Amino acid sequence: MDLGEKLFKLRKEKNLTQDDVAEKLNVTRQTVSKWETNQSTPDFDKILPLCDLFEISPNELLKEKEQEEIIDDDNAQYNFDEIKKHLFTRGKEDDYENMTKNQIKQKSAEVVSSSILLFIVAIAFAGIGTTVMVWNPVVVGCTFLVLIGIGVTRIVRHYMSIPKFDKTKEEIKQDKIVKQISDIIGAIGVAIYFIISFTTMAWHITWIIFIIVGMIEQIVRLIYMLKEDNNDEE
């Protein structure tokens with residue numbers, strides 16, 4: 001019996017649903033489902049809570065899995081500590097399904113702040129490269145677009161990977177505030193774009209305003225995320 005089958009059996013013995021287990025371990029229902037179907041394995045810090053929930057020891061939870069590994073090759077010598085290490089770190093990088101809500105908030109802050117830094121570097125590079133250093137505009141333009149593309153891709157990939165959590169009333173309220181602020185910033189950005197473009201006729205470069213607007217919107221989002229983290233700590 002593999003780990004997923006055992007978790008499924010133990011849950012059924014306790015007459016618990018996947019939602020029940022998810023709530024007690026502070027993970028999503030999809031995470032529990034992936035554990036039971038062997039699409040992913042529990043993080044190390046979830047093993048003891050699982051054992052407490054099912055009233056078994058860690059050795060009982062992992063023992064049969066280890067024995068099956070040994071049967072595969074009678075002459076092989078296995079380091080069980082190493083087996084457990086790989087068991088709980090397999091596919092852990094950016095494993096949003098196994099993250100708690102606070103961990104995802106911290107990840108969001110890291111992704112947004114680093115992407116904003118990329119936007120700033122791209123804009124600074126474009127400005128210095130074309131005016132001060134007088135580099136080849138094609139090279140400057142391509143590098144600028146690559147940097148912007150990396151930043152946008154990281155943000156889009158991150159927010160598309162976040163599992164659905166039930167939001168608190170405070171979080172819903174803050175989301176509405178952020179959206180309203182973003183709408184206002186977007187409208188102001190469009191107005192500034194047309195005013196500057198028609199005044200200077202520099203249509204070939206004024207589109208950078210939209211990148212700056214997007215960067216400001218992400219800064220607002222980052223500020224509210226950090227505010228939420230401070231509220232959680234209190």
# chains A, B, ... in the order shown; residues from 1 in each chain; ligands from 1
call {"tool": "select_by_dssp", "arguments": {"residues": "stretch 110-180 of chain A", "states": "alpha helix (DSSP H)", "output": "ChimeraX atom specification"}}
result
/A:110-127,137-161,169-180
call {"tool": "residues_around", "arguments": {"residues": "A:Asn26", "least_positions_apart": "3", "cutoff": "12 Å", "atoms": "only C-alpha atoms", "output": "ChimeraX atom specification"}}
result
/A:18-23,29-32,45-46,49-50,97-103,165-166
call {"tool": "atom_distance", "arguments": {"atom1": "atom CA of A:Val112", "atom2": "atom CA of A:Ile162"}}
result
13.7 Å
call {"tool": "residues_around", "arguments": {"residues": "A:Val139", "least_positions_apart": "6", "cutoff": "12 Å", "atoms": "only C-alpha atoms", "output": "VMD selection string"}}
result
chain A and resid 125 to 126 129 to 130 145 to 146
call {"tool": "write_last_selection", "arguments": {"atoms": "C-alpha atoms", "output": "PDB file, in the first residue's frame"}}
result
ATOM      1  CA  PHE A 125      17.990  50.653 -19.301  1.00  0.00           C
ATOM      2  CA  ALA A 126      15.855  51.934 -22.175  1.00  0.00           C
ATOM      3  CA  GLY A 129      20.675  53.149 -23.557  1.00  0.00           C
ATOM      4  CA  THR A 130      18.932  55.415 -26.037  1.00  0.00           C
ATOM      5  CA  LEU A 145      10.907  43.875 -24.076  1.00  0.00           C
ATOM      6  CA  VAL A 146      12.627  40.753 -22.729  1.00  0.00           C
TER       7      VAL A 146
END
call {"tool": "residues_around", "arguments": {"residues": "A:Ile208", "least_positions_apart": "2", "cutoff": "12 Å", "atoms": "only C-alpha atoms", "output": "PyMOL selection string"}}
result
chain A and resi 119-120+122-124+126-127+141+144-145+148+189-190+192-193+196-197+202-206+210-215
call {"tool": "write_last_selection", "arguments": {"atoms": "N, CA, C and O atoms", "output": "CSV table (one decimal), in the first residue's frame"}}
result
chain,number,residue,atom,x,y,z
A,119,PHE,N,10.8,45.8,-14.0
A,119,PHE,CA,10.2,46.9,-14.8
A,119,PHE,C,11.1,48.2,-14.6
A,119,PHE,O,11.3,48.9,-15.6
A,120,ILE,N,11.5,48.5,-13.4
A,120,ILE,CA,12.3,49.7,-13.2
A,120,ILE,C,13.6,49.6,-13.9
A,120,ILE,O,14.1,50.5,-14.6
A,122,ALA,N,14.2,47.8,-16.6
A,122,ALA,CA,13.9,47.9,-18.0
A,122,ALA,C,13.8,49.3,-18.5
A,122,ALA,O,14.3,49.7,-19.5
A,123,ILE,N,13.0,50.1,-17.7
A,123,ILE,CA,12.8,51.5,-18.1
A,123,ILE,C,14.1,52.3,-18.0
A,123,ILE,O,14.4,53.1,-18.9
A,124,ALA,N,14.8,52.0,-16.9
A,124,ALA,CA,16.1,52.8,-16.8
A,124,ALA,C,17.1,52.4,-17.9
A,124,ALA,O,17.8,53.3,-18.4
A,126,ALA,N,16.3,51.3,-20.9
A,126,ALA,CA,15.9,51.9,-22.2
A,126,ALA,C,16.2,53.4,-22.2
A,126,ALA,O,16.7,53.9,-23.3
A,127,GLY,N,16.0,54.1,-21.1
A,127,GLY,CA,16.3,55.6,-21.1
A,127,GLY,C,17.8,55.8,-21.3
A,127,GLY,O,18.2,56.7,-22.1
A,141,GLY,N,15.7,48.0,-27.5
A,141,GLY,CA,14.3,47.7,-27.6
A,141,GLY,C,14.1,46.2,-27.2
A,141,GLY,O,13.2,45.9,-26.5
A,144,PHE,N,14.8,45.6,-23.6
A,144,PHE,CA,13.7,46.2,-22.8
A,144,PHE,C,12.5,45.2,-22.8
A,144,PHE,O,11.9,44.9,-21.7
A,145,LEU,N,12.1,44.7,-24.0
A,145,LEU,CA,10.9,43.9,-24.1
A,145,LEU,C,11.1,42.5,-23.4
A,145,LEU,O,10.2,42.0,-22.8
A,148,ILE,N,10.7,43.2,-19.6
A,148,ILE,CA,9.3,43.4,-19.3
A,148,ILE,C,8.5,42.1,-19.4
A,148,ILE,O,7.7,41.8,-18.5
A,189,GLY,N,-3.8,57.1,-16.1
A,189,GLY,CA,-2.7,56.7,-17.0
A,189,GLY,C,-3.1,56.9,-18.5
A,189,GLY,O,-2.3,57.4,-19.3
A,190,VAL,N,-4.3,56.5,-18.8
A,190,VAL,CA,-4.8,56.7,-20.2
A,190,VAL,C,-4.9,58.2,-20.6
A,190,VAL,O,-4.5,58.6,-21.7
A,192,ILE,N,-3.2,60.7,-19.2
A,192,ILE,CA,-1.9,61.2,-19.3
A,192,ILE,C,-1.2,60.8,-20.7
A,192,ILE,O,-0.5,61.6,-21.3
A,193,TYR,N,-1.5,59.5,-21.0
A,193,TYR,CA,-0.9,59.0,-22.3
A,193,TYR,C,-1.4,59.8,-23.5
A,193,TYR,O,-0.5,60.2,-24.3
A,196,ILE,N,0.1,63.6,-23.3
A,196,ILE,CA,1.5,63.7,-23.7
A,196,ILE,C,1.7,63.3,-25.1
A,196,ILE,O,2.5,64.0,-25.8
A,197,SER,N,1.0,62.3,-25.6
A,197,SER,CA,1.2,61.9,-27.0
A,197,SER,C,0.8,62.9,-28.0
A,197,SER,O,1.5,63.2,-29.0
A,202,ALA,N,5.1,62.1,-29.7
A,202,ALA,CA,6.1,61.0,-29.6
A,202,ALA,C,5.4,59.7,-29.3
A,202,ALA,O,5.7,59.0,-28.3
A,203,TRP,N,4.6,59.3,-30.2
A,203,TRP,CA,3.8,58.1,-30.0
A,203,TRP,C,4.6,56.8,-30.0
A,203,TRP,O,4.2,55.8,-29.4
A,204,HIS,N,5.8,56.9,-30.5
A,204,HIS,CA,6.7,55.8,-30.5
A,204,HIS,C,7.3,55.4,-29.2
A,204,HIS,O,7.8,54.3,-29.0
A,205,ILE,N,7.2,56.3,-28.2
A,205,ILE,CA,7.8,56.1,-26.9
A,205,ILE,C,6.8,56.3,-25.7
A,205,ILE,O,7.0,55.7,-24.7
A,206,THR,N,5.7,57.0,-26.0
A,206,THR,CA,4.8,57.3,-24.9
A,206,THR,C,4.0,56.1,-24.4
A,206,THR,O,3.4,56.1,-23.3
A,210,PHE,N,2.0,53.1,-20.1
A,210,PHE,CA,1.2,52.0,-19.7
A,210,PHE,C,2.0,51.0,-18.8
A,210,PHE,O,1.4,50.4,-17.9
A,211,ILE,N,3.3,50.8,-19.1
A,211,ILE,CA,4.1,50.0,-18.3
A,211,ILE,C,4.3,50.6,-16.9
A,211,ILE,O,4.2,49.9,-15.9
A,212,ILE,N,4.5,51.9,-16.9
A,212,ILE,CA,4.6,52.6,-15.6
A,212,ILE,C,3.3,52.5,-14.8
A,212,ILE,O,3.3,52.3,-13.6
A,213,VAL,N,2.2,52.6,-15.5
A,213,VAL,CA,0.9,52.5,-14.8
A,213,VAL,C,0.7,51.1,-14.2
A,213,VAL,O,0.3,50.9,-13.1
A,214,GLY,N,1.1,50.1,-15.0
A,214,GLY,CA,1.0,48.7,-14.5
A,214,GLY,C,1.9,48.5,-13.3
A,214,GLY,O,1.6,47.8,-12.4
A,215,MET,N,3.1,49.1,-13.3
A,215,MET,CA,4.0,49.0,-12.2
A,215,MET,C,3.5,49.7,-11.0
A,215,MET,O,3.6,49.1,-9.9
call {"tool": "closest_residue", "arguments": {"among": "A:Pro42, A:Trp207, A:Ser115, A:Phe54", "to": "A:Lys14", "atoms": "only C-alpha atoms"}}
result
A:Phe54
call {"tool": "atom_distance", "arguments": {"atom1": "atom CA of A:Leu16", "atom2": "atom CA of A:Thr37"}}
result
16.5 Å
call {"tool": "atom_distance", "arguments": {"atom1": "atom CA of A:Lys169", "atom2": "atom CA of A:Ser33"}}
result
27.1 Å
call {"tool": "residues_around", "arguments": {"residues": "A:His158", "least_positions_apart": "6", "cutoff": "12 Å", "atoms": "only C-alpha atoms", "output": "PyMOL selection string"}}
result
chain A and resi 94-96+104-112+115+151-152
call {"tool": "write_last_selection", "arguments": {"atoms": "all heavy atoms", "output": "short mmCIF file (atom, residue, chain, number, x, y, z; two decimals), in the first residue's frame"}}
result
data_model
loop_
_atom_site.label_atom_id
_atom_site.label_comp_id
_atom_site.auth_asym_id
_atom_site.auth_seq_id
_atom_site.Cartn_x
_atom_site.Cartn_y
_atom_site.Cartn_z
N ASP A 94 7.78 25.88 -5.88
CA ASP A 94 6.58 26.52 -6.41
C ASP A 94 5.36 25.60 -6.33
O ASP A 94 4.49 25.63 -7.20
CB ASP A 94 6.79 26.96 -7.85
CG ASP A 94 7.73 28.17 -7.94
OD1 ASP A 94 7.93 28.82 -6.90
OD2 ASP A 94 8.25 28.44 -9.02
N ASP A 95 5.30 24.74 -5.30
CA ASP A 95 4.17 23.83 -5.14
C ASP A 95 3.07 24.58 -4.39
O ASP A 95 2.93 24.45 -3.18
CB ASP A 95 4.61 22.58 -4.38
CG ASP A 95 3.51 21.52 -4.36
OD1 ASP A 95 2.44 21.78 -4.93
OD2 ASP A 95 3.73 20.45 -3.77
N TYR A 96 2.29 25.34 -5.12
CA TYR A 96 1.29 26.21 -4.49
C TYR A 96 0.22 25.41 -3.75
O TYR A 96 -0.34 25.88 -2.76
CB TYR A 96 0.62 27.08 -5.56
CG TYR A 96 1.53 28.15 -6.11
CD1 TYR A 96 2.43 27.87 -7.13
CD2 TYR A 96 1.49 29.45 -5.63
CE1 TYR A 96 3.27 28.85 -7.65
CE2 TYR A 96 2.32 30.44 -6.14
CZ TYR A 96 3.21 30.13 -7.15
OH TYR A 96 4.03 31.10 -7.65
N ILE A 104 1.54 31.72 0.67
CA ILE A 104 1.23 32.23 -0.67
C ILE A 104 1.30 33.75 -0.69
O ILE A 104 1.76 34.35 -1.66
CB ILE A 104 -0.15 31.72 -1.13
CG1 ILE A 104 -0.07 30.23 -1.47
CG2 ILE A 104 -0.66 32.51 -2.33
CD1 ILE A 104 -1.37 29.62 -1.92
N LYS A 105 0.86 34.40 0.40
CA LYS A 105 0.96 35.85 0.48
C LYS A 105 2.43 36.29 0.42
O LYS A 105 2.78 37.26 -0.25
CB LYS A 105 0.32 36.35 1.77
CG LYS A 105 -1.20 36.30 1.77
CD LYS A 105 -1.74 36.83 3.08
CE LYS A 105 -3.27 36.77 3.13
NZ LYS A 105 -3.80 37.26 4.41
N GLN A 106 3.28 35.57 1.15
CA GLN A 106 4.70 35.90 1.14
C GLN A 106 5.30 35.69 -0.25
O GLN A 106 6.12 36.48 -0.72
CB GLN A 106 5.44 35.03 2.17
CG GLN A 106 5.07 35.36 3.61
CD GLN A 106 5.65 34.38 4.61
OE1 GLN A 106 6.39 33.47 4.25
NE2 GLN A 106 5.31 34.54 5.87
N LYS A 107 4.88 34.59 -0.91
CA LYS A 107 5.33 34.32 -2.27
C LYS A 107 4.86 35.42 -3.21
O LYS A 107 5.60 35.86 -4.10
CB LYS A 107 4.79 32.97 -2.72
CG LYS A 107 5.23 32.55 -4.13
CD LYS A 107 6.69 32.23 -4.18
CE LYS A 107 7.08 31.72 -5.56
NZ LYS A 107 8.52 31.40 -5.67
N SER A 108 3.62 35.88 -3.03
CA SER A 108 3.08 36.95 -3.87
C SER A 108 3.90 38.22 -3.71
O SER A 108 4.22 38.89 -4.70
CB SER A 108 1.62 37.23 -3.50
OG SER A 108 0.80 36.10 -3.73
N ALA A 109 4.24 38.55 -2.47
CA ALA A 109 5.04 39.75 -2.21
C ALA A 109 6.40 39.65 -2.90
O ALA A 109 6.89 40.62 -3.48
CB ALA A 109 5.21 39.95 -0.71
N GLU A 110 7.00 38.45 -2.86
CA GLU A 110 8.31 38.26 -3.48
C GLU A 110 8.22 38.38 -5.00
O GLU A 110 9.05 39.04 -5.64
CB GLU A 110 8.86 36.88 -3.08
CG GLU A 110 10.26 36.59 -3.63
CD GLU A 110 10.23 35.94 -5.01
OE1 GLU A 110 9.32 35.13 -5.27
OE2 GLU A 110 11.09 36.28 -5.84
N VAL A 111 7.19 37.76 -5.59
CA VAL A 111 7.03 37.79 -7.05
C VAL A 111 6.75 39.21 -7.53
O VAL A 111 7.36 39.69 -8.49
CB VAL A 111 5.89 36.85 -7.49
CG1 VAL A 111 5.55 37.06 -8.96
CG2 VAL A 111 6.30 35.40 -7.27
N VAL A 112 5.84 39.90 -6.85
CA VAL A 112 5.46 41.25 -7.28
C VAL A 112 6.62 42.22 -7.12
O VAL A 112 6.93 43.01 -8.03
CB VAL A 112 4.23 41.75 -6.48
CG1 VAL A 112 3.96 43.22 -6.78
CG2 VAL A 112 3.01 40.92 -6.84
N SER A 115 9.33 41.58 -9.68
CA SER A 115 8.86 41.95 -11.02
C SER A 115 8.88 43.47 -11.19
O SER A 115 9.23 43.99 -12.26
CB SER A 115 7.45 41.40 -11.27
OG SER A 115 7.45 39.99 -11.25
N GLY A 151 9.11 39.91 -16.31
CA GLY A 151 8.34 40.39 -15.16
C GLY A 151 6.87 40.07 -15.27
O GLY A 151 6.25 39.59 -14.32
N VAL A 152 6.29 40.33 -16.45
CA VAL A 152 4.86 40.06 -16.65
C VAL A 152 4.57 38.57 -16.56
O VAL A 152 3.58 38.15 -15.93
CB VAL A 152 4.40 40.61 -18.02
CG1 VAL A 152 2.98 40.15 -18.33
CG2 VAL A 152 4.49 42.13 -18.04
#
call {"tool": "closest_residue", "arguments": {"among": "A:Leu3, A:Ile56, A:Ile216, A:Leu226", "to": "A:Leu117", "atoms": "only C-alpha atoms"}}
result
A:Ile216
call {"tool": "closest_residue", "arguments": {"among": "A:Ile116, A:Cys142, A:Leu10, A:Ala187", "to": "A:Val220", "atoms": "only C-alpha atoms"}}
result
A:Ile116
call {"tool": "closest_residue", "arguments": {"among": "A:Leu7, A:Leu118, A:Cys51, A:Ile177", "to": "A:Arg154", "atoms": "only C-alpha atoms"}}
result
A:Leu118
